[in-house]
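Q: Hey, dropping upload-v5.cif in here, mmCIF, C-alpha atoms:
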data_start
loop_
_atom_site.group_PDB
_atom_site.id
_atom_site.type_symbol
_atom_site.label_atom_id
_atom_site.label_comp_id
_atom_site.auth_asym_id
_atom_site.auth_seq_id
_atom_site.Cartn_x
_atom_site.Cartn_y
_atom_site.Cartn_z
ATOM 1 C CA MET A 1 6.425 16.252 -92.456
ATOM 2 C CA ARG A 2 6.731 19.870 -93.578
ATOM 3 C CA ILE A 3 5.880 21.716 -96.787
ATOM 4 C CA VAL A 4 8.450 23.774 -98.670
ATOM 5 C CA ARG A 5 7.838 26.293 -101.441
ATOM 6 C CA ILE A 6 9.943 25.525 -104.528
ATOM 7 C CA PHE A 7 8.541 28.218 -106.828
ATOM 8 C CA VAL A 8 5.100 29.731 -106.558
ATOM 9 C CA SER A 9 3.437 32.699 -108.253
ATOM 10 C CA GLU A 10 2.004 35.021 -105.587
ATOM 11 C CA LYS A 11 -0.449 36.327 -108.167
ATOM 12 C CA SER A 12 -1.896 33.176 -109.703
ATOM 13 C CA LYS A 13 -0.926 30.842 -106.812
ATOM 14 C CA GLU A 14 0.364 28.330 -109.348
ATOM 15 C CA GLY A 15 3.635 26.574 -108.778
ATOM 16 C CA LEU A 16 5.520 23.779 -107.177
ATOM 17 C CA TRP A 17 5.757 22.739 -103.527
ATOM 18 C CA SER A 18 7.614 19.837 -101.964
ATOM 19 C CA ILE A 19 7.266 17.728 -98.878
ATOM 20 C CA HIS A 20 10.173 17.679 -96.423
ATOM 21 C CA LEU A 21 10.196 14.491 -94.373
ATOM 22 C CA ASN A 22 11.170 14.602 -90.702
ATOM 23 C CA GLY A 23 14.775 13.613 -90.136
ATOM 24 C CA GLU A 24 15.795 14.279 -93.738
ATOM 25 C CA PRO A 25 18.374 17.006 -94.418
ATOM 26 C CA GLN A 26 16.689 18.163 -97.638
ATOM 27 C CA ASN A 27 13.191 18.410 -99.055
ATOM 28 C CA GLU A 28 12.279 15.639 -101.498
ATOM 29 C CA PHE A 29 12.418 17.815 -104.609
ATOM 30 C CA ARG A 30 15.880 19.191 -103.872
ATOM 31 C CA LYS A 31 17.104 15.769 -102.753
ATOM 32 C CA PHE A 32 16.016 14.219 -106.059
ATOM 33 C CA PHE A 33 18.004 16.627 -108.250
ATOM 34 C CA ASN A 34 21.037 16.432 -105.978
ATOM 35 C CA LEU A 35 21.024 12.626 -106.145
ATOM 36 C CA MET A 36 20.698 12.629 -109.929
ATOM 37 C CA GLY A 37 23.968 14.555 -110.065
ATOM 38 C CA ASP A 38 25.748 12.370 -107.510
ATOM 39 C CA ILE A 39 27.836 9.897 -109.544
ATOM 40 C CA GLU A 40 28.685 7.675 -106.588
ATOM 41 C CA TRP A 41 24.977 7.306 -105.820
ATOM 42 C CA LEU A 42 24.108 6.639 -109.475
ATOM 43 C CA HIS A 43 26.900 4.061 -109.831
ATOM 44 C CA ASN A 44 25.683 2.215 -106.715
ATOM 45 C CA PHE A 45 22.065 2.392 -107.827
ATOM 46 C CA PHE A 46 22.758 0.893 -111.256
ATOM 47 C CA ALA A 47 25.158 -1.715 -109.819
ATOM 48 C CA ASN A 48 22.410 -2.776 -107.367
ATOM 49 C CA ASN A 49 19.779 -2.841 -110.122
ATOM 50 C CA LYS A 50 21.924 -4.469 -112.803
ATOM 51 C CA ALA A 51 19.367 -7.148 -113.619
ATOM 52 C CA ASP A 52 16.709 -4.529 -114.425
ATOM 53 C CA LEU A 53 19.234 -2.434 -116.319
ATOM 54 C CA TYR A 54 20.266 -5.371 -118.515
ATOM 55 C CA SER A 55 16.755 -6.781 -118.846
ATOM 56 C CA GLY A 56 16.189 -5.004 -122.121
ATOM 57 C CA TYR A 57 13.165 -2.922 -121.097
ATOM 58 C CA PHE A 58 15.159 0.133 -122.172
ATOM 59 C CA GLY A 59 17.520 -1.890 -124.372
ATOM 60 C CA PRO A 60 20.883 -3.154 -123.159
ATOM 61 C CA VAL A 61 22.580 -0.332 -121.246
ATOM 62 C CA THR A 62 25.943 -0.252 -119.461
ATOM 63 C CA ILE A 63 26.323 1.441 -116.057
ATOM 64 C CA ASP A 64 28.290 4.331 -117.617
ATOM 65 C CA ASN A 65 25.669 4.867 -120.311
ATOM 66 C CA ALA A 66 22.904 4.627 -117.735
ATOM 67 C CA GLY A 67 24.575 7.377 -115.743
ATOM 68 C CA GLU A 68 24.910 9.593 -118.813
ATOM 69 C CA ARG A 69 21.318 9.001 -119.744
ATOM 70 C CA THR A 70 20.113 9.809 -116.227
ATOM 71 C CA MET A 71 22.063 13.056 -116.167
ATOM 72 C CA ASP A 72 20.693 14.013 -119.600
ATOM 73 C CA GLU A 73 17.126 13.481 -118.383
ATOM 74 C CA ALA A 74 17.671 15.225 -115.044
ATOM 75 C CA GLU A 75 19.173 18.243 -116.817
ATOM 76 C CA GLU A 76 16.262 18.463 -119.234
ATOM 77 C CA MET A 77 13.718 18.138 -116.438
ATOM 78 C CA GLU A 78 15.468 20.623 -114.166
ATOM 79 C CA ASP A 79 15.993 23.156 -116.969
ATOM 80 C CA THR A 80 12.323 22.933 -117.934
ATOM 81 C CA LEU A 81 11.194 23.562 -114.350
ATOM 82 C CA ASN A 82 13.751 26.308 -113.857
ATOM 83 C CA ASP A 83 12.546 28.007 -117.042
ATOM 84 C CA TYR A 84 8.922 27.758 -115.844
ATOM 85 C CA SER A 85 9.917 29.314 -112.548
ATOM 86 C CA LYS A 86 11.562 32.236 -114.330
ATOM 87 C CA ALA A 87 8.915 32.744 -117.021
ATOM 88 C CA GLY A 88 5.954 32.652 -114.648
ATOM 89 C CA PHE A 89 2.629 31.151 -115.608
ATOM 90 C CA THR A 90 1.358 33.382 -118.353
ATOM 91 C CA GLY A 91 0.514 31.216 -121.343
ATOM 92 C CA GLY A 92 2.686 28.686 -123.123
ATOM 93 C CA ASP A 93 3.838 25.470 -121.539
ATOM 94 C CA ASN A 94 3.182 24.963 -117.870
ATOM 95 C CA LEU A 95 3.476 22.407 -115.103
ATOM 96 C CA GLN A 96 0.413 20.568 -116.261
ATOM 97 C CA HIS A 97 2.233 19.697 -119.494
ATOM 98 C CA LEU A 98 5.014 18.099 -117.515
ATOM 99 C CA PHE A 99 3.001 16.268 -114.830
ATOM 100 C CA LYS A 100 0.654 13.496 -115.960
ATOM 101 C CA PRO A 101 -1.621 11.194 -113.942
ATOM 102 C CA LEU A 102 0.389 8.469 -112.172
ATOM 103 C CA ASN A 103 -1.746 5.739 -113.669
ATOM 104 C CA ASN A 104 -1.083 5.390 -117.394
ATOM 105 C CA PHE A 105 -4.709 4.425 -118.030
ATOM 106 C CA GLU A 106 -6.132 7.475 -116.344
ATOM 107 C CA TYR A 107 -6.888 10.193 -118.847
ATOM 108 C CA SER A 108 -8.843 12.751 -116.833
ATOM 109 C CA ILE A 109 -7.081 15.232 -114.589
ATOM 110 C CA THR A 110 -8.557 15.650 -111.131
ATOM 111 C CA VAL A 111 -7.722 17.538 -107.970
ATOM 112 C CA HIS A 112 -5.363 15.780 -105.522
ATOM 113 C CA GLN A 113 -4.455 13.298 -108.166
ATOM 114 C CA LYS A 114 -1.236 11.351 -107.785
ATOM 115 C CA SER A 115 0.936 12.529 -110.658
ATOM 116 C CA LYS A 116 4.331 12.014 -112.240
ATOM 117 C CA ALA A 117 6.618 14.091 -114.394
ATOM 118 C CA ARG A 118 8.882 12.457 -116.924
ATOM 119 C CA ILE A 119 10.782 13.102 -120.121
ATOM 120 C CA ARG A 120 9.265 11.305 -123.113
ATOM 121 C CA ASN A 121 10.491 7.677 -123.160
ATOM 122 C CA GLY A 122 12.665 8.423 -120.153
ATOM 123 C CA TRP A 123 13.149 6.509 -116.910
ATOM 124 C CA LEU A 124 13.261 9.415 -114.467
ATOM 125 C CA ARG A 125 10.115 10.141 -112.502
ATOM 126 C CA LEU A 126 9.173 13.021 -110.270
ATOM 127 C CA TYR A 127 6.125 12.084 -108.177
ATOM 128 C CA ALA A 128 3.619 14.668 -107.005
ATOM 129 C CA ILE A 129 0.059 15.298 -105.866
ATOM 130 C CA ARG A 130 -1.950 17.664 -107.993
ATOM 131 C CA LEU A 131 -3.465 20.289 -105.687
ATOM 132 C CA ALA A 132 -5.032 22.499 -108.350
ATOM 133 C CA GLU A 133 -4.413 23.584 -111.913
ATOM 134 C CA ASN A 134 -0.654 24.089 -112.324
ATOM 135 C CA CYS A 135 -0.106 23.527 -108.627
ATOM 136 C CA PHE A 136 1.701 20.378 -107.510
ATOM 137 C CA LEU A 137 3.166 19.020 -104.283
ATOM 138 C CA VAL A 138 6.262 16.932 -105.043
ATOM 139 C CA THR A 139 6.632 13.852 -102.851
ATOM 140 C CA GLY A 140 9.804 12.369 -104.355
ATOM 141 C CA GLY A 141 11.416 10.978 -107.444
ATOM 142 C CA ALA A 142 12.972 7.800 -108.778
ATOM 143 C CA ILE A 143 14.713 6.006 -111.595
ATOM 144 C CA LYS A 144 12.123 3.585 -112.924
ATOM 145 C CA LEU A 145 13.705 0.730 -114.890
ATOM 146 C CA THR A 146 10.712 -1.608 -114.781
ATOM 147 C CA ALA A 147 7.210 -1.494 -116.227
ATOM 148 C CA ASP A 148 5.565 -1.960 -112.817
ATOM 149 C CA MET A 149 6.041 -0.322 -109.417
ATOM 150 C CA LYS A 150 7.093 -3.469 -107.517
ATOM 151 C CA ARG A 151 10.719 -2.590 -106.803
ATOM 152 C CA THR A 152 11.516 -1.516 -103.225
ATOM 153 C CA HIS A 153 12.557 2.024 -104.135
ATOM 154 C CA LEU A 154 9.355 2.539 -106.147
ATOM 155 C CA GLN A 155 7.190 1.123 -103.352
ATOM 156 C CA ARG A 156 8.818 3.711 -101.095
ATOM 157 C CA GLU A 157 7.696 6.447 -103.499
ATOM 158 C CA LEU A 158 4.129 5.145 -103.422
ATOM 159 C CA ARG A 159 4.210 5.186 -99.615
ATOM 160 C CA LYS A 160 5.397 8.802 -99.655
ATOM 161 C CA LEU A 161 2.513 9.741 -101.957
ATOM 162 C CA GLU A 162 0.157 8.157 -99.416
ATOM 163 C CA GLN A 163 1.888 9.872 -96.476
ATOM 164 C CA ALA A 164 1.589 13.225 -98.222
ATOM 165 C CA LYS A 165 -2.112 12.668 -98.904
ATOM 166 C CA ALA A 166 -2.668 11.755 -95.253
ATOM 167 C CA PHE A 167 -0.744 14.875 -94.191
ATOM 168 C CA LEU A 168 -2.923 17.078 -96.410
ATOM 169 C CA ARG A 169 -6.078 15.457 -95.071
ATOM 170 C CA GLU A 170 -4.956 15.867 -91.440
ATOM 171 C CA ASN A 171 -4.289 19.524 -92.115
ATOM 172 C CA GLY A 172 -7.619 20.309 -93.618
ATOM 173 C CA ILE A 173 -6.781 20.092 -97.312
ATOM 174 C CA GLU A 174 -9.425 17.666 -98.498
ATOM 175 C CA TYR A 175 -9.420 15.551 -101.622
ATOM 176 C CA PRO A 176 -11.755 13.033 -103.221
ATOM 177 C CA GLU A 177 -11.147 9.323 -102.796
ATOM 178 C CA ASP A 178 -8.252 7.919 -104.742
ATOM 179 C CA LEU A 179 -9.080 7.007 -108.322
ATOM 180 C CA ASN A 180 -5.766 5.374 -109.079
ATOM 181 C CA THR A 181 -4.411 1.918 -108.762
ATOM 182 C CA TYR A 182 -0.661 1.611 -108.556
ATOM 183 C CA LEU A 183 -0.055 -0.874 -111.319
ATOM 184 C CA HIS A 184 1.545 1.485 -113.772
ATOM 185 C CA GLY A 185 3.718 4.270 -112.445
ATOM 186 C CA MET B 1 -7.463 27.463 -105.117
ATOM 187 C CA ASP B 2 -7.329 30.467 -102.748
ATOM 188 C CA ASP B 3 -8.317 28.271 -99.794
ATOM 189 C CA ILE B 4 -5.716 25.638 -100.643
ATOM 190 C CA PHE B 5 -3.081 28.337 -101.106
ATOM 191 C CA LYS B 6 -3.915 29.948 -97.760
ATOM 192 C CA ARG B 7 -3.654 26.599 -96.030
ATOM 193 C CA LEU B 8 -0.341 25.795 -97.755
ATOM 194 C CA ILE B 9 1.111 29.118 -96.603
ATOM 195 C CA GLU B 10 0.054 28.307 -93.017
ATOM 196 C CA LEU B 11 1.758 24.913 -93.247
ATOM 197 C CA GLU B 12 4.838 26.213 -95.052
ATOM 198 C CA SER B 13 8.259 25.630 -93.487
ATOM 199 C CA ASP B 14 10.471 28.666 -92.797
ATOM 200 C CA GLU B 15 13.438 27.045 -94.482
ATOM 201 C CA PRO B 16 14.161 28.228 -98.023
ATOM 202 C CA SER B 17 14.309 25.433 -100.609
ATOM 203 C CA ASN B 18 17.647 26.557 -102.158
ATOM 204 C CA TRP B 19 16.815 24.591 -105.291
ATOM 205 C CA LYS B 20 16.838 27.538 -107.698
ATOM 206 C CA ALA B 21 20.372 28.588 -106.780
ATOM 207 C CA GLU B 22 21.527 24.982 -107.097
ATOM 208 C CA ALA B 23 19.769 24.556 -110.461
ATOM 209 C CA ASP B 24 21.371 27.755 -111.784
ATOM 210 C CA TYR B 25 24.781 26.586 -110.565
ATOM 211 C CA ARG B 26 24.375 23.173 -112.201
ATOM 212 C CA ARG B 27 23.358 24.766 -115.492
ATOM 213 C CA ALA B 28 26.190 27.313 -115.497
ATOM 214 C CA ASN B 29 28.800 24.656 -114.670
ATOM 215 C CA ARG B 30 27.404 21.834 -116.768
ATOM 216 C CA ALA B 31 30.324 21.395 -119.195
ATOM 217 C CA TRP B 32 33.023 20.664 -116.626
ATOM 218 C CA ARG B 33 30.628 18.797 -114.337
ATOM 219 C CA ARG B 34 29.869 16.305 -117.125
ATOM 220 C CA LYS B 35 33.614 15.717 -117.636
ATOM 221 C CA SER B 36 33.968 15.298 -113.885
ATOM 222 C CA ALA B 37 31.100 12.780 -113.940
ATOM 223 C CA THR B 38 32.794 10.741 -116.693
ATOM 224 C CA ILE B 39 35.994 10.618 -114.635
ATOM 225 C CA ALA B 40 34.039 9.668 -111.497
ATOM 226 C CA PHE B 41 32.477 6.696 -113.311
ATOM 227 C CA LYS B 42 35.936 5.563 -114.475
ATOM 228 C CA VAL B 43 37.369 5.861 -110.968
ATOM 229 C CA LEU B 44 34.437 4.014 -109.350
ATOM 230 C CA GLU B 45 34.670 1.216 -111.893
ATOM 231 C CA ALA B 46 38.440 0.902 -111.364
ATOM 232 C CA LEU B 47 37.927 0.771 -107.582
ATOM 233 C CA ARG B 48 35.287 -1.930 -108.004
ATOM 234 C CA VAL B 49 37.384 -4.064 -110.384
ATOM 235 C CA GLN B 50 40.521 -3.764 -108.215
ATOM 236 C CA GLY B 51 38.638 -4.319 -104.968
ATOM 237 C CA LEU B 52 39.889 -1.036 -103.510
ATOM 238 C CA SER B 53 38.062 1.278 -101.121
ATOM 239 C CA GLN B 54 37.986 5.055 -101.389
ATOM 240 C CA LYS B 55 40.168 5.123 -98.280
ATOM 241 C CA ASP B 56 42.773 2.958 -100.057
ATOM 242 C CA LEU B 57 42.766 5.416 -102.960
ATOM 243 C CA ALA B 58 43.120 8.386 -100.612
ATOM 244 C CA GLU B 59 46.172 6.757 -99.022
ATOM 245 C CA LYS B 60 47.738 5.954 -102.395
ATOM 246 C CA MET B 61 47.248 9.534 -103.569
ATOM 247 C CA GLU B 62 48.144 11.043 -100.202
ATOM 248 C CA VAL B 63 44.985 13.120 -100.122
ATOM 249 C CA SER B 64 42.087 13.247 -97.660
ATOM 250 C CA PRO B 65 39.181 10.779 -97.927
ATOM 251 C CA GLN B 66 36.945 13.858 -98.243
ATOM 252 C CA GLN B 67 38.669 14.799 -101.490
ATOM 253 C CA ILE B 68 38.155 11.301 -102.900
ATOM 254 C CA SER B 69 34.501 11.534 -101.874
ATOM 255 C CA LYS B 70 34.115 14.759 -103.886
ATOM 256 C CA ILE B 71 35.886 13.197 -106.886
ATOM 257 C CA VAL B 72 33.647 10.102 -107.003
ATOM 258 C CA LYS B 73 30.515 12.217 -106.637
ATOM 259 C CA GLY B 74 31.578 14.075 -109.788
ATOM 260 C CA HIS B 75 31.537 17.394 -107.971
ATOM 261 C CA GLU B 76 35.208 18.283 -108.263
ATOM 262 C CA ASN B 77 36.661 20.600 -110.905
ATOM 263 C CA LEU B 78 39.777 18.471 -111.205
ATOM 264 C CA THR B 79 43.255 19.801 -111.906
ATOM 265 C CA LEU B 80 45.533 18.005 -114.348
ATOM 266 C CA ASP B 81 47.774 17.185 -111.387
ATOM 267 C CA THR B 82 44.920 15.357 -109.647
ATOM 268 C CA ILE B 83 43.951 13.541 -112.850
ATOM 269 C CA VAL B 84 47.530 12.286 -113.307
ATOM 270 C CA LYS B 85 47.636 11.174 -109.646
ATOM 271 C CA LEU B 86 44.385 9.247 -110.186
ATOM 272 C CA GLU B 87 45.822 7.606 -113.311
ATOM 273 C CA MET B 88 48.976 6.543 -111.483
ATOM 274 C CA ALA B 89 47.222 5.328 -108.347
ATOM 275 C CA LEU B 90 44.713 3.234 -110.285
ATOM 276 C CA GLY B 91 46.851 2.282 -113.297
ATOM 277 C CA ILE B 92 44.218 3.586 -115.715
ATOM 278 C CA LYS B 93 44.173 6.160 -118.506
ATOM 279 C CA ILE B 94 41.733 9.009 -117.966
ATOM 280 C CA ILE B 95 43.074 11.367 -120.632
ATOM 281 C CA VAL B 96 44.204 9.470 -123.709
ATOM 282 C CA ASP B 97 46.281 11.458 -126.208
ATOM 283 C CA ASN B 98 47.432 10.588 -129.717
ATOM 284 C CA ARG B 99 50.943 9.730 -128.555
ATOM 285 C CA ASP B 100 49.467 6.917 -126.423
ATOM 286 C CA ASP B 101 47.687 5.547 -129.499
ATOM 287 C CA ASN B 102 50.847 5.744 -131.595
ATOM 288 C CA LYS B 103 52.907 4.004 -128.904
ATOM 289 C CA SER B 104 50.488 1.121 -128.618
ATOM 290 C CA ALA B 105 50.319 0.781 -132.411
ATOM 291 C CA ALA B 106 54.121 0.712 -132.782
#
Take the structure in the file and give it back as structure tokens.
A:
Amino acid sequence: MRIVRIFVSEKSKEGLWSIHLNGEPQNEFRKFFNLMGDIEWLHNFFANNKADLYSGYFGPVTIDNAGERTMDEAEEMEDTLNDYSKAGFTGGDNLQHLFKPLNNFEYSITVHQKSKARIRNGWLRLYAIRLAENCFLVTGGAIKLTADMKRTHLQRELRKLEQAKAFLRENGIEYPEDLNTYLHG
Amino acid sequence: MDDIFKRLIELESDEPSNWKAEADYRRANRAWRRKSATIAFKVLEALRVQGLSQKDLAEKMEVSPQQISKIVKGHENLTLDTIVKLEMALGIKIIVDNRDDNKSAA
């Protein structure tokens, strides 16, 4: 595993980093936004997760509409982050407004907390570890069609969060014991 | 924060992330990319319904499989010529004009 700088303020040290897994052509952050714009990938994903798509959790949605909705969310998320990266970190909205604790029932923000970014009422998730105020390490992202984290692709995201925490620990970046359970991503 | 930052810099990969350039490109080219995405969904659905592979489509259109791959990813700024070839190869309408509506109503 390696760490890649996405955008970081040299002055305040705030910003976004990403993990880059061994054997992967792209870091997890870049991979996420590329996949969300890859129609073949989206079509396959929704075809393979049809039961969840039609289950009504987000209302009945066709594959085409699901694709449109995903692209809308990805664009909003990417534009927001891109605007942060250009505006810097002086006042106004910041990363901490976008990333919330992973566990929906966790209201306090702590260091090395597993976190997620999402658009309000959306199904896209960007998963990250909070390293400090306005400083996050992205570990991956997913389309979350279910209330829980039981699906295979979501379990993979939880494993990556754990891998990233282990990597930080091995490399001398310490964090307190995990406060989260994984019931509600 | 300074300690964490120092440690992150030490662990940082030399490779640039390239995300910003890609994000700027996606934003600047959003309008046609969304149209391309809509066409890609139509093509993928037609392939699925007709039981055709991308290779079959490439052969029908006499283009390379790589070009079909770009089309179904929604990354191709398609020419009208390519759109018409897709329509003919798959027997679907991608661009529907008023004359089509009038013909079917007549």
Q: Take the PyMOL selection byres ((chain B) within 10 of (chain A)), apply it to the structure above, and return the hits as a PyMOL selection string.
A: chain B and resi 1-24+26-27+30+33-34+36-45+69-75
Q: Need the shell around Thr79 of chain B: protein/DNA/RNA residues with any atom at most 12 Å away, counting all atoms listed in the file. Skip same-chain ones fewer than 5 positions apart. Format as an MDAnalysis selection string?
A: chainID B and resid 32 35:36 71 84:86
Q: In Å, with one decimal, what is the gap from atom CA of Leu161 of chain A to atom CA of Phe45 of chain A?
A: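 Pair atom CA of Leu161 of chain A / atom CA of Phe45 of chain A returns 21.7 Å.
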Q: Could you expand the PyMOL selection byres ((chain A and resi 163) around 12) into the explicit residues it covers here, written as a JSON list (two decimals) with C-alpha atoms, in the frame of the given file?
A:
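To be explicit, this is the file written out as part.json:
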[["chain", "number", "residue", "atom", "x", "y", "z"],
["A", 1, "MET", "CA", 6.42, 16.25, -92.46],
["A", 2, "ARG", "CA", 6.73, 19.87, -93.58],
["A", 19, "ILE", "CA", 7.27, 17.73, -98.88],
["A", 20, "HIS", "CA", 10.17, 17.68, -96.42],
["A", 21, "LEU", "CA", 10.20, 14.49, -94.37],
["A", 22, "ASN", "CA", 11.17, 14.60, -90.70],
["A", 114, "LYS", "CA", -1.24, 11.35, -107.78],
["A", 128, "ALA", "CA", 3.62, 14.67, -107.00],
["A", 129, "ILE", "CA", 0.06, 15.30, -105.87],
["A", 138, "VAL", "CA", 6.26, 16.93, -105.04],
["A", 139, "THR", "CA", 6.63, 13.85, -102.85],
["A", 140, "GLY", "CA", 9.80, 12.37, -104.36],
["A", 156, "ARG", "CA", 8.82, 3.71, -101.10],
["A", 157, "GLU", "CA", 7.70, 6.45, -103.50],
["A", 158, "LEU", "CA", 4.13, 5.14, -103.42],
["A", 159, "ARG", "CA", 4.21, 5.19, -99.62],
["A", 160, "LYS", "CA", 5.40, 8.80, -99.66],
["A", 161, "LEU", "CA", 2.51, 9.74, -101.96],
["A", 162, "GLU", "CA", 0.16, 8.16, -99.42],
["A", 164, "ALA", "CA", 1.59, 13.22, -98.22],
["A", 165, "LYS", "CA", -2.11, 12.67, -98.90],
["A", 166, "ALA", "CA", -2.67, 11.76, -95.25],
["A", 167, "PHE", "CA", -0.74, 14.88, -94.19],
["A", 168, "LEU", "CA", -2.92, 17.08, -96.41],
["A", 169, "ARG", "CA", -6.08, 15.46, -95.07],
["A", 170, "GLU", "CA", -4.96, 15.87, -91.44]]
Q: Please write as a PDB file with C-alpha atoms, in the coordinates of the input the full residue list that the PyMOL selection byres ((chain A and resi 98) around 12) yields on this file.
A:
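Below you can see selection-v7.pdb, which holds the result:
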ATOM      1  CA  LEU A  16       5.520  23.779-107.177  1.00  0.00           C
ATOM      2  CA  GLU A  76      16.262  18.463-119.234  1.00  0.00           C
ATOM      3  CA  MET A  77      13.718  18.138-116.438  1.00  0.00           C
ATOM      4  CA  GLU A  78      15.468  20.623-114.166  1.00  0.00           C
ATOM      5  CA  THR A  80      12.323  22.933-117.934  1.00  0.00           C
ATOM      6  CA  LEU A  81      11.194  23.562-114.350  1.00  0.00           C
ATOM      7  CA  TYR A  84       8.922  27.758-115.844  1.00  0.00           C
ATOM      8  CA  ASP A  93       3.838  25.470-121.539  1.00  0.00           C
ATOM      9  CA  ASN A  94       3.182  24.963-117.870  1.00  0.00           C
ATOM     10  CA  LEU A  95       3.476  22.407-115.103  1.00  0.00           C
ATOM     11  CA  GLN A  96       0.413  20.568-116.261  1.00  0.00           C
ATOM     12  CA  HIS A  97       2.233  19.697-119.494  1.00  0.00           C
ATOM     13  CA  PHE A  99       3.001  16.268-114.830  1.00  0.00           C
ATOM     14  CA  LYS A 100       0.654  13.496-115.960  1.00  0.00           C
ATOM     15  CA  PRO A 101      -1.621  11.194-113.942  1.00  0.00           C
ATOM     16  CA  LEU A 102       0.389   8.469-112.172  1.00  0.00           C
ATOM     17  CA  SER A 115       0.936  12.529-110.658  1.00  0.00           C
ATOM     18  CA  LYS A 116       4.331  12.014-112.240  1.00  0.00           C
ATOM     19  CA  ALA A 117       6.618  14.091-114.394  1.00  0.00           C
ATOM     20  CA  ARG A 118       8.882  12.457-116.924  1.00  0.00           C
ATOM     21  CA  ILE A 119      10.782  13.102-120.121  1.00  0.00           C
ATOM     22  CA  ARG A 120       9.265  11.305-123.113  1.00  0.00           C
ATOM     23  CA  ARG A 125      10.115  10.141-112.502  1.00  0.00           C
ATOM     24  CA  LEU A 126       9.173  13.021-110.270  1.00  0.00           C
ATOM     25  CA  TYR A 127       6.125  12.084-108.177  1.00  0.00           C
ATOM     26  CA  ALA A 128       3.619  14.668-107.005  1.00  0.00           C
ATOM     27  CA  ARG A 130      -1.950  17.664-107.993  1.00  0.00           C
ATOM     28  CA  ASN A 134      -0.654  24.089-112.324  1.00  0.00           C
ATOM     29  CA  CYS A 135      -0.106  23.527-108.627  1.00  0.00           C
ATOM     30  CA  PHE A 136       1.701  20.378-107.510  1.00  0.00           C
TER      31      PHE A 136
END
Q: Between A:Thr70, A:His153, A:Gly15, A:Ala147, which has the minimum distance to Asn48 of chain A (counting all atoms listed in the file)?
A: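 Closest candidate: A:His153.
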Q: Which centre and which edge lengths, in Å to one decimal, describe the axis-aligned box that holds all listed atoms of segment 70-73 of chain A after 3 Å is added on each side, as JSON?
A:
{"center_x": 19.6, "center_y": 11.9, "center_z": -117.9, "size_x": 10.9, "size_y": 10.2, "size_z": 9.4}
Q: Work out how far apart atom CA of Glu73 of chain A and atom CA of Trp123 of chain A are and give it in Å to one decimal.
A: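 Atom CA of Trp123 of chain A lies 8.2 Å from atom CA of Glu73 of chain A.
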Q: Using Å and a single decimal, report how far atom CA of Leu47 of chain B sits from atom CA of Pro60 of chain A.
A: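 Here the two named atoms are 23.4 Å from each other.
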